[in-house]
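File shown: model08.cif. Contents: mmCIF, C-alpha atoms.
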```
data_input
#
loop_
_atom_site.group_PDB
_atom_site.id
_atom_site.type_symbol
_atom_site.label_atom_id
_atom_site.label_comp_id
_atom_site.auth_asym_id
_atom_site.auth_seq_id
_atom_site.Cartn_x
_atom_site.Cartn_y
_atom_site.Cartn_z
ATOM 1 C CA MET R 1 19.512 142.466 -79.245
ATOM 2 C CA SER R 2 17.295 139.405 -79.673
ATOM 3 C CA HIS R 3 17.826 136.923 -82.475
ATOM 4 C CA SER R 4 14.569 137.998 -84.090
ATOM 5 C CA ASP R 5 15.738 141.619 -84.128
ATOM 6 C CA LEU R 6 19.060 140.520 -85.574
ATOM 7 C CA ASN R 7 17.334 138.529 -88.307
ATOM 8 C CA GLN R 8 15.242 141.527 -89.337
ATOM 9 C CA ARG R 9 18.271 143.803 -89.516
ATOM 10 C CA LEU R 10 20.350 141.301 -91.459
ATOM 11 C CA ASP R 11 17.438 140.712 -93.846
ATOM 12 C CA GLN R 12 17.455 144.443 -94.556
ATOM 13 C CA ILE R 13 21.153 144.274 -95.434
ATOM 14 C CA PHE R 14 20.934 141.240 -97.686
ATOM 15 C CA SER R 15 17.601 142.083 -99.290
ATOM 16 C CA ALA R 16 18.337 145.744 -100.058
ATOM 17 C CA ASP R 17 18.432 146.869 -103.680
ATOM 18 C CA GLN R 18 22.093 147.735 -104.242
ATOM 19 C CA SER R 19 22.029 147.706 -108.025
ATOM 20 C CA ASP R 20 22.971 151.388 -108.285
ATOM 21 C CA GLU R 21 25.804 151.187 -105.778
ATOM 22 C CA MET R 22 29.132 152.376 -107.198
ATOM 23 C CA ILE R 23 32.095 150.328 -105.998
ATOM 24 C CA ARG R 24 35.675 151.103 -107.001
ATOM 25 C CA ARG R 25 38.316 148.495 -106.263
ATOM 26 C CA ASN R 26 41.273 149.707 -104.239
ATOM 27 C CA ASN R 27 43.038 146.446 -103.245
ATOM 28 C CA TYR R 28 44.842 144.128 -105.617
ATOM 29 C CA SER R 29 46.420 140.692 -105.223
ATOM 30 C CA LEU R 30 47.518 137.775 -107.373
ATOM 31 C CA TYR R 31 44.067 136.198 -107.763
ATOM 32 C CA VAL R 32 41.508 138.820 -106.698
ATOM 33 C CA ASP R 33 40.941 142.575 -106.810
ATOM 34 C CA TYR R 34 38.353 144.093 -104.465
ATOM 35 C CA TYR R 35 37.136 147.167 -102.602
ATOM 36 C CA LEU R 36 38.181 147.582 -98.979
ATOM 37 C CA PRO R 37 36.062 150.086 -96.998
ATOM 38 C CA SER R 38 38.082 152.899 -95.439
ATOM 39 C CA ASP R 39 36.972 151.954 -91.917
ATOM 40 C CA THR R 40 38.160 148.357 -92.329
ATOM 41 C CA GLY R 41 41.783 147.446 -91.719
ATOM 42 C CA GLU R 42 43.802 144.716 -93.429
ATOM 43 C CA PHE R 43 46.221 143.002 -91.062
ATOM 44 C CA GLU R 44 47.790 140.334 -93.191
ATOM 45 C CA GLY R 45 47.219 138.327 -96.320
ATOM 46 C CA ASP R 46 48.634 136.211 -99.081
ATOM 47 C CA ALA R 47 47.584 135.235 -102.606
ATOM 48 C CA LEU R 48 44.610 133.186 -101.366
ATOM 49 C CA SER R 49 43.345 134.832 -98.200
ATOM 50 C CA SER R 50 43.370 138.116 -96.297
ATOM 51 C CA ARG R 51 42.508 139.005 -92.716
ATOM 52 C CA PHE R 52 40.594 142.172 -91.846
ATOM 53 C CA SER R 53 39.440 144.010 -88.746
ATOM 54 C CA TYR R 54 36.538 146.298 -87.926
ATOM 55 C CA ASN R 55 36.491 147.766 -84.420
ATOM 56 C CA SER R 56 37.379 144.761 -82.253
ATOM 57 C CA SER R 57 35.958 142.181 -84.670
ATOM 58 C CA ASN R 58 37.802 140.244 -87.367
ATOM 59 C CA PHE R 59 37.015 138.457 -90.600
ATOM 60 C CA VAL R 60 38.840 136.590 -93.348
ATOM 61 C CA MET R 61 38.295 136.518 -97.109
ATOM 62 C CA ASP R 62 39.417 133.322 -98.812
ATOM 63 C CA ILE R 63 39.501 132.298 -102.477
ATOM 64 C CA ASN R 64 37.151 129.327 -102.946
ATOM 65 C CA ILE R 65 39.512 127.140 -104.963
ATOM 66 C CA SER R 66 37.281 124.048 -105.028
ATOM 67 C CA GLY R 67 34.232 126.114 -106.041
ATOM 68 C CA ILE R 68 36.098 127.682 -108.967
ATOM 69 C CA VAL R 69 37.520 124.367 -110.179
ATOM 70 C CA ASN R 70 34.141 122.618 -109.844
ATOM 71 C CA GLU R 71 32.403 125.373 -111.801
ATOM 72 C CA ARG R 72 34.827 124.872 -114.690
ATOM 73 C CA TYR R 73 35.119 121.077 -114.775
ATOM 74 C CA TYR R 74 32.379 119.577 -112.595
ATOM 75 C CA LYS R 75 29.265 121.692 -113.097
ATOM 76 C CA GLN R 76 27.089 118.910 -111.699
ATOM 77 C CA GLU R 77 28.633 119.613 -108.299
ATOM 78 C CA ALA R 78 26.171 121.870 -106.501
ATOM 79 C CA LEU R 79 27.259 124.828 -104.417
ATOM 80 C CA SER R 80 27.115 123.352 -100.952
ATOM 81 C CA ASP R 81 27.807 124.158 -97.332
ATOM 82 C CA GLU R 82 30.931 122.406 -96.114
ATOM 83 C CA GLY R 83 29.386 121.769 -92.685
ATOM 84 C CA PHE R 84 32.214 123.469 -90.826
ATOM 85 C CA PHE R 85 30.190 124.902 -87.918
ATOM 86 C CA ASP R 86 27.917 123.536 -85.232
ATOM 87 C CA GLU R 87 24.468 123.925 -86.806
ATOM 88 C CA ASP R 88 22.847 123.890 -83.357
ATOM 89 C CA LYS R 89 24.250 127.409 -82.934
ATOM 90 C CA LEU R 90 22.763 128.726 -86.198
ATOM 91 C CA VAL R 91 20.655 131.871 -85.644
ATOM 92 C CA TYR R 92 20.465 133.318 -89.167
ATOM 93 C CA GLU R 93 20.633 132.054 -92.750
ATOM 94 C CA HIS R 94 20.092 133.871 -96.028
ATOM 95 C CA LYS R 95 20.415 132.532 -99.567
ATOM 96 C CA GLY R 96 20.440 134.919 -102.480
ATOM 97 C CA VAL R 97 22.199 136.267 -105.544
ATOM 98 C CA TYR R 98 24.533 139.237 -105.562
ATOM 99 C CA THR R 99 25.579 141.088 -108.703
ATOM 100 C CA ASP R 100 29.216 142.057 -109.097
ATOM 101 C CA THR R 101 30.554 145.201 -110.751
ATOM 102 C CA GLU R 102 30.597 143.480 -114.144
ATOM 103 C CA GLY R 103 26.902 142.679 -113.856
ATOM 104 C CA THR R 104 27.395 138.955 -113.236
ATOM 105 C CA GLY R 105 25.132 137.241 -110.708
ATOM 106 C CA HIS R 106 26.556 134.914 -108.046
ATOM 107 C CA ASP R 107 24.585 132.540 -105.827
ATOM 108 C CA TYR R 108 25.592 132.759 -102.181
ATOM 109 C CA THR R 109 24.642 131.680 -98.683
ATOM 110 C CA TYR R 110 25.277 133.655 -95.513
ATOM 111 C CA LYS R 111 25.022 132.115 -92.057
ATOM 112 C CA VAL R 112 25.439 133.497 -88.546
ATOM 113 C CA TYR R 113 26.090 131.394 -85.449
ATOM 114 C CA SER R 114 25.720 132.632 -81.868
ATOM 115 C CA TYR R 115 28.164 131.698 -79.114
ATOM 116 C CA ASP R 116 27.270 133.614 -75.945
ATOM 117 C CA ASP R 117 28.239 137.242 -76.647
ATOM 118 C CA LYS R 118 30.094 136.461 -79.904
ATOM 119 C CA TYR R 119 28.944 135.696 -83.431
ATOM 120 C CA LEU R 120 30.601 133.567 -86.081
ATOM 121 C CA SER R 121 29.585 134.372 -89.642
ATOM 122 C CA TYR R 122 30.112 132.389 -92.821
ATOM 123 C CA PHE R 123 29.586 133.573 -96.397
ATOM 124 C CA PHE R 124 30.169 131.255 -99.325
ATOM 125 C CA SER R 125 29.829 131.549 -103.083
ATOM 126 C CA ARG R 126 31.509 129.772 -105.979
ATOM 127 C CA GLU R 127 34.437 132.182 -105.893
ATOM 128 C CA LEU R 128 34.756 133.483 -102.340
ATOM 129 C CA LEU R 129 34.528 132.406 -98.714
ATOM 130 C CA PHE R 130 34.304 134.775 -95.739
ATOM 131 C CA TYR R 131 34.643 133.837 -92.063
ATOM 132 C CA GLY R 132 33.897 136.359 -89.329
ATOM 133 C CA TYR R 133 34.342 136.555 -85.552
ATOM 134 C CA SER R 134 32.272 139.467 -84.259
ATOM 135 C CA ASN R 135 31.040 141.172 -81.159
ATOM 136 C CA ARG R 136 27.281 141.641 -80.880
ATOM 137 C CA SER R 137 27.664 145.331 -81.610
ATOM 138 C CA ASP R 138 29.576 144.668 -84.846
ATOM 139 C CA ILE R 139 27.701 141.795 -86.484
ATOM 140 C CA GLU R 140 25.567 144.015 -88.718
ATOM 141 C CA ALA R 141 28.555 146.090 -89.836
ATOM 142 C CA ILE R 142 30.671 142.993 -90.485
ATOM 143 C CA SER R 143 27.841 141.421 -92.482
ATOM 144 C CA SER R 144 27.402 144.552 -94.580
ATOM 145 C CA ARG R 145 31.111 144.780 -95.320
ATOM 146 C CA ILE R 146 31.351 141.130 -96.308
ATOM 147 C CA LEU R 147 28.536 141.583 -98.819
ATOM 148 C CA LEU R 148 30.052 144.816 -100.162
ATOM 149 C CA MET R 149 33.483 143.254 -100.612
ATOM 150 C CA ALA R 150 32.026 140.175 -102.314
ATOM 151 C CA LYS R 151 30.115 142.379 -104.752
ATOM 152 C CA SER R 152 33.253 144.359 -105.544
ATOM 153 C CA ALA R 153 35.565 141.392 -106.043
ATOM 154 C CA SER R 154 36.967 140.355 -109.390
ATOM 155 C CA VAL R 155 38.515 136.888 -109.123
ATOM 156 C CA ARG R 156 40.879 135.701 -111.853
ATOM 157 C CA ASP R 157 39.344 132.262 -112.245
ATOM 158 C CA ASN R 158 41.659 131.198 -115.069
ATOM 159 C CA ASP R 159 44.741 131.900 -112.960
ATOM 160 C CA VAL R 160 43.293 129.985 -110.004
ATOM 161 C CA ILE R 161 42.497 127.002 -112.214
ATOM 162 C CA SER R 162 45.956 127.064 -113.806
ATOM 163 C CA ALA R 163 47.581 127.082 -110.390
ATOM 164 C CA PHE R 164 45.428 124.536 -108.569
ATOM 165 C CA SER R 165 43.323 122.323 -110.846
ATOM 166 C CA SER R 166 46.149 119.815 -111.400
ATOM 167 C CA LYS R 167 46.723 119.304 -107.689
ATOM 168 C CA THR R 168 45.089 116.153 -106.390
ATOM 169 C CA GLU R 169 44.522 117.330 -102.831
ATOM 170 C CA VAL R 170 44.231 120.594 -100.939
ATOM 171 C CA ASP R 171 43.924 120.432 -97.155
ATOM 172 C CA TYR R 172 41.007 122.862 -96.803
ATOM 173 C CA GLN R 173 40.053 121.804 -93.296
ATOM 174 C CA LYS R 174 43.521 122.503 -91.906
ATOM 175 C CA LYS R 175 43.627 125.829 -93.769
ATOM 176 C CA GLN R 176 40.271 126.878 -92.337
ATOM 177 C CA VAL R 177 41.251 125.971 -88.781
ATOM 178 C CA ASN R 178 44.452 127.967 -89.224
ATOM 179 C CA LEU R 179 42.401 130.926 -90.456
ATOM 180 C CA PHE R 180 40.254 130.825 -87.342
ATOM 181 C CA GLU R 181 43.339 130.723 -85.173
ATOM 182 C CA THR R 182 44.335 134.050 -86.724
ATOM 183 C CA ILE R 183 40.999 135.837 -86.320
ATOM 184 C CA MET R 184 40.047 134.586 -82.861
ATOM 185 C CA PRO R 185 41.589 136.003 -79.661
ATOM 186 C CA VAL R 186 44.491 134.146 -78.085
ATOM 187 C CA ASN R 187 42.255 132.747 -75.343
ATOM 188 C CA GLY R 188 39.725 131.416 -77.844
ATOM 189 C CA ASN R 189 39.335 127.674 -78.279
ATOM 190 C CA VAL R 190 38.783 126.727 -81.904
ATOM 191 C CA ASN R 191 37.388 123.338 -80.949
ATOM 192 C CA ASP R 192 34.541 125.027 -79.067
ATOM 193 C CA PHE R 193 33.272 126.523 -82.322
ATOM 194 C CA LEU R 194 33.982 123.982 -85.049
ATOM 195 C CA ILE R 195 32.794 120.504 -85.901
ATOM 196 C CA ASN R 196 35.491 117.849 -85.523
ATOM 197 C CA LYS R 197 35.094 116.011 -88.824
ATOM 198 C CA GLU R 198 37.485 113.259 -87.797
ATOM 199 C CA ASP R 199 34.965 112.238 -85.157
ATOM 200 C CA THR R 200 32.116 112.193 -87.670
ATOM 201 C CA GLY R 201 34.022 110.161 -90.232
ATOM 202 C CA THR R 202 33.631 112.756 -92.983
ATOM 203 C CA SER R 203 36.326 114.395 -95.042
ATOM 204 C CA GLU R 204 36.779 117.154 -97.550
#
```
Please, can you express the file's structure as structure tokens?
Amino acid sequence: MSHSDLNQRLDQIFSADQSDEMIRRNNYSLYVDYYLPSDTGEFEGDALSSRFSYNSSNFVMDINISGIVNERYYKQEALSDEGFFDEDKLVYEHKGVYTDTEGTGHDYTYKVYSYDDKYLSYFFSRELLFYGYSNRSDIEAISSRILLMAKSASVRDNDVISAFSSKTEVDYQKKQVNLFETIMPVNGNVNDFLINKEDTGTSE
């Protein structure tokens, strides 16, 4: 499948009219309730993140703590890409608005990066982050499930803010690297896929 073919198929997923889609939540945790498709398995999770599998591909859903806190207290902070991946590998990007089950619209960005026969995907909105590690044959299905789960999610923003807004520092970069270590195969090298921010002099 060429990148142009992939872009067309992903555009169909993210541009489709899903306003009449009925989604019933079936998974519940401390900070978020959401729908998990029956063909998608949940391997492990905690209050802030959960790891899922589809066929031989994996993805993680993570509560976007900084996005939620910024929305409440620092509205001038724009929703922005954290620059976690090598942009030279970017093969697809889509920015849009999804509507959740309560009828609320959420701005989001979805990106796909190509590494030989694997794809890394990254979805971010104010409330949620998704990271995927997919085979070529699964990238469309993983993308569709990420969008569906984001649309279904109900995040308890007030509880997140109560728990985390008073903390002066959260080590997001270390958390994200740890997440990738859980979704990538044991012979995967995280450093081959991610930007080393210490080398660039930037920080979260």
> Which value, in Å to one decimal, gives the distance between CA of Val60 (chain R) and CA of Phe123 (chain R)?
Replying inline: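 Distance between the two atoms: 10.2 Å.
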>> Using Å and a single decimal, report how far CA of Tyr113 (chain R) sits from CA of Glu44 (chain R).
In response: 24.7 Å
The PyMOL selection byres ((chain R and resi 149) around 12) resolved against shown file, as a PDB file with C-alpha atoms, in the coordinates of the input:
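Everything below was put into selection.pdb:
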```
ATOM      1  CA  ILE R  23      32.095 150.328-105.998  1.00  0.00           C
ATOM      2  CA  ARG R  24      35.675 151.103-107.001  1.00  0.00           C
ATOM      3  CA  ARG R  25      38.316 148.495-106.263  1.00  0.00           C
ATOM      4  CA  ASN R  26      41.273 149.707-104.239  1.00  0.00           C
ATOM      5  CA  ASN R  27      43.038 146.446-103.245  1.00  0.00           C
ATOM      6  CA  VAL R  32      41.508 138.820-106.698  1.00  0.00           C
ATOM      7  CA  ASP R  33      40.941 142.575-106.810  1.00  0.00           C
ATOM      8  CA  TYR R  34      38.353 144.093-104.465  1.00  0.00           C
ATOM      9  CA  TYR R  35      37.136 147.167-102.602  1.00  0.00           C
ATOM     10  CA  LEU R  36      38.181 147.582 -98.979  1.00  0.00           C
ATOM     11  CA  PRO R  37      36.062 150.086 -96.998  1.00  0.00           C
ATOM     12  CA  SER R  38      38.082 152.899 -95.439  1.00  0.00           C
ATOM     13  CA  THR R  40      38.160 148.357 -92.329  1.00  0.00           C
ATOM     14  CA  SER R  50      43.370 138.116 -96.297  1.00  0.00           C
ATOM     15  CA  PHE R  52      40.594 142.172 -91.846  1.00  0.00           C
ATOM     16  CA  PHE R  59      37.015 138.457 -90.600  1.00  0.00           C
ATOM     17  CA  VAL R  60      38.840 136.590 -93.348  1.00  0.00           C
ATOM     18  CA  MET R  61      38.295 136.518 -97.109  1.00  0.00           C
ATOM     19  CA  ASP R  62      39.417 133.322 -98.812  1.00  0.00           C
ATOM     20  CA  TYR R  98      24.533 139.237-105.562  1.00  0.00           C
ATOM     21  CA  THR R  99      25.579 141.088-108.703  1.00  0.00           C
ATOM     22  CA  ASP R 100      29.216 142.057-109.097  1.00  0.00           C
ATOM     23  CA  THR R 101      30.554 145.201-110.751  1.00  0.00           C
ATOM     24  CA  PHE R 123      29.586 133.573 -96.397  1.00  0.00           C
ATOM     25  CA  LEU R 128      34.756 133.483-102.340  1.00  0.00           C
ATOM     26  CA  LEU R 129      34.528 132.406 -98.714  1.00  0.00           C
ATOM     27  CA  PHE R 130      34.304 134.775 -95.739  1.00  0.00           C
ATOM     28  CA  ILE R 142      30.671 142.993 -90.485  1.00  0.00           C
ATOM     29  CA  SER R 143      27.841 141.421 -92.482  1.00  0.00           C
ATOM     30  CA  SER R 144      27.402 144.552 -94.580  1.00  0.00           C
ATOM     31  CA  ARG R 145      31.111 144.780 -95.320  1.00  0.00           C
ATOM     32  CA  ILE R 146      31.351 141.130 -96.308  1.00  0.00           C
ATOM     33  CA  LEU R 147      28.536 141.583 -98.819  1.00  0.00           C
ATOM     34  CA  LEU R 148      30.052 144.816-100.162  1.00  0.00           C
ATOM     35  CA  ALA R 150      32.026 140.175-102.314  1.00  0.00           C
ATOM     36  CA  LYS R 151      30.115 142.379-104.752  1.00  0.00           C
ATOM     37  CA  SER R 152      33.253 144.359-105.544  1.00  0.00           C
ATOM     38  CA  ALA R 153      35.565 141.392-106.043  1.00  0.00           C
ATOM     39  CA  SER R 154      36.967 140.355-109.390  1.00  0.00           C
ATOM     40  CA  VAL R 155      38.515 136.888-109.123  1.00  0.00           C
TER      41      VAL R 155
END
```
> If you apply the PyMOL selection byres ((chain R and resi 90) around 12) to this file, what residues do you get, as a list in words?
Replying inline: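 Selected by the PyMOL selection byres ((chain R and resi 90) around 12) in this file: His3, Asn7, Gly83, Phe84, Phe85, Asp86, Glu87, Asp88, Lys89, Val91, Tyr92, Glu93, His94, Tyr110, Lys111, Val112, Tyr113, Ser114, Tyr115, Tyr119, Leu120, Ser121, Tyr122 and Phe193 of chain R.
CA of Ser125 (chain R) sits 6.8 Å away from CA of His106 (chain R).
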Neighbour list for Arg126 (chain R) as a short mmCIF file (atom, residue, chain, number, x, y, z; two decimals) with C-alpha atoms, in the coordinates of the input, cut-off 9 Å, only C-alpha atoms, skip fewer than 5 positions in-chain:
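Result file follows (out20.cif):
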```
data_model
loop_
_atom_site.label_atom_id
_atom_site.label_comp_id
_atom_site.auth_asym_id
_atom_site.auth_seq_id
_atom_site.Cartn_x
_atom_site.Cartn_y
_atom_site.Cartn_z
CA ASN R 64 37.15 129.33 -102.95
CA ILE R 65 39.51 127.14 -104.96
CA SER R 66 37.28 124.05 -105.03
CA GLY R 67 34.23 126.11 -106.04
CA ILE R 68 36.10 127.68 -108.97
CA ASN R 70 34.14 122.62 -109.84
CA GLU R 71 32.40 125.37 -111.80
CA LEU R 79 27.26 124.83 -104.42
CA HIS R 106 26.56 134.91 -108.05
CA ASP R 107 24.58 132.54 -105.83
CA TYR R 108 25.59 132.76 -102.18
#
```
>> Give me the residues near Ser57 (chain R) as a PyMOL selection string, where near means some atom within 6 Å (using all atoms listed in the file) and where sequence neighbours in that chain fewer than 4 positions away do not count.
In response: chain R and resi 53+133-134
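Of the residues listed (R:Asn58, R:Ser4, R:Ser29, R:Thr109), R:Thr109 shows the shortest atom-to-atom separation from Val97 (chain R); distances use only C-alpha atoms.
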Step by step, gather every atom of region 159-168 of chain R that the file lists, find the box along x, y and z that holds them, add 5 Å on each side, and finally give centre and edge lengths in Å to one decimal, as lines of an AutoDock Vina configuration file.
```
center_x = 45.0
center_y = 124.0
center_z = -110.1
size_x = 15.1
size_y = 25.7
size_z = 17.4
```
>> Counting only C-alpha atoms, which residue out of R:Phe14, R:Tyr131, R:Tyr31, R:Tyr74 sits closest to Val160 (chain R)?
In response: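 Distance minimum relative to Val160 (chain R) lands on R:Tyr31.
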>> When you count only C-alpha atoms, which of these residues is closest to Ile13 (chain R): R:Asp116, R:Glu102, R:Asp157, R:Glu140?
In response: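 Looking only at the distances to Ile13 (chain R), the closest residue turns out to be R:Glu140.
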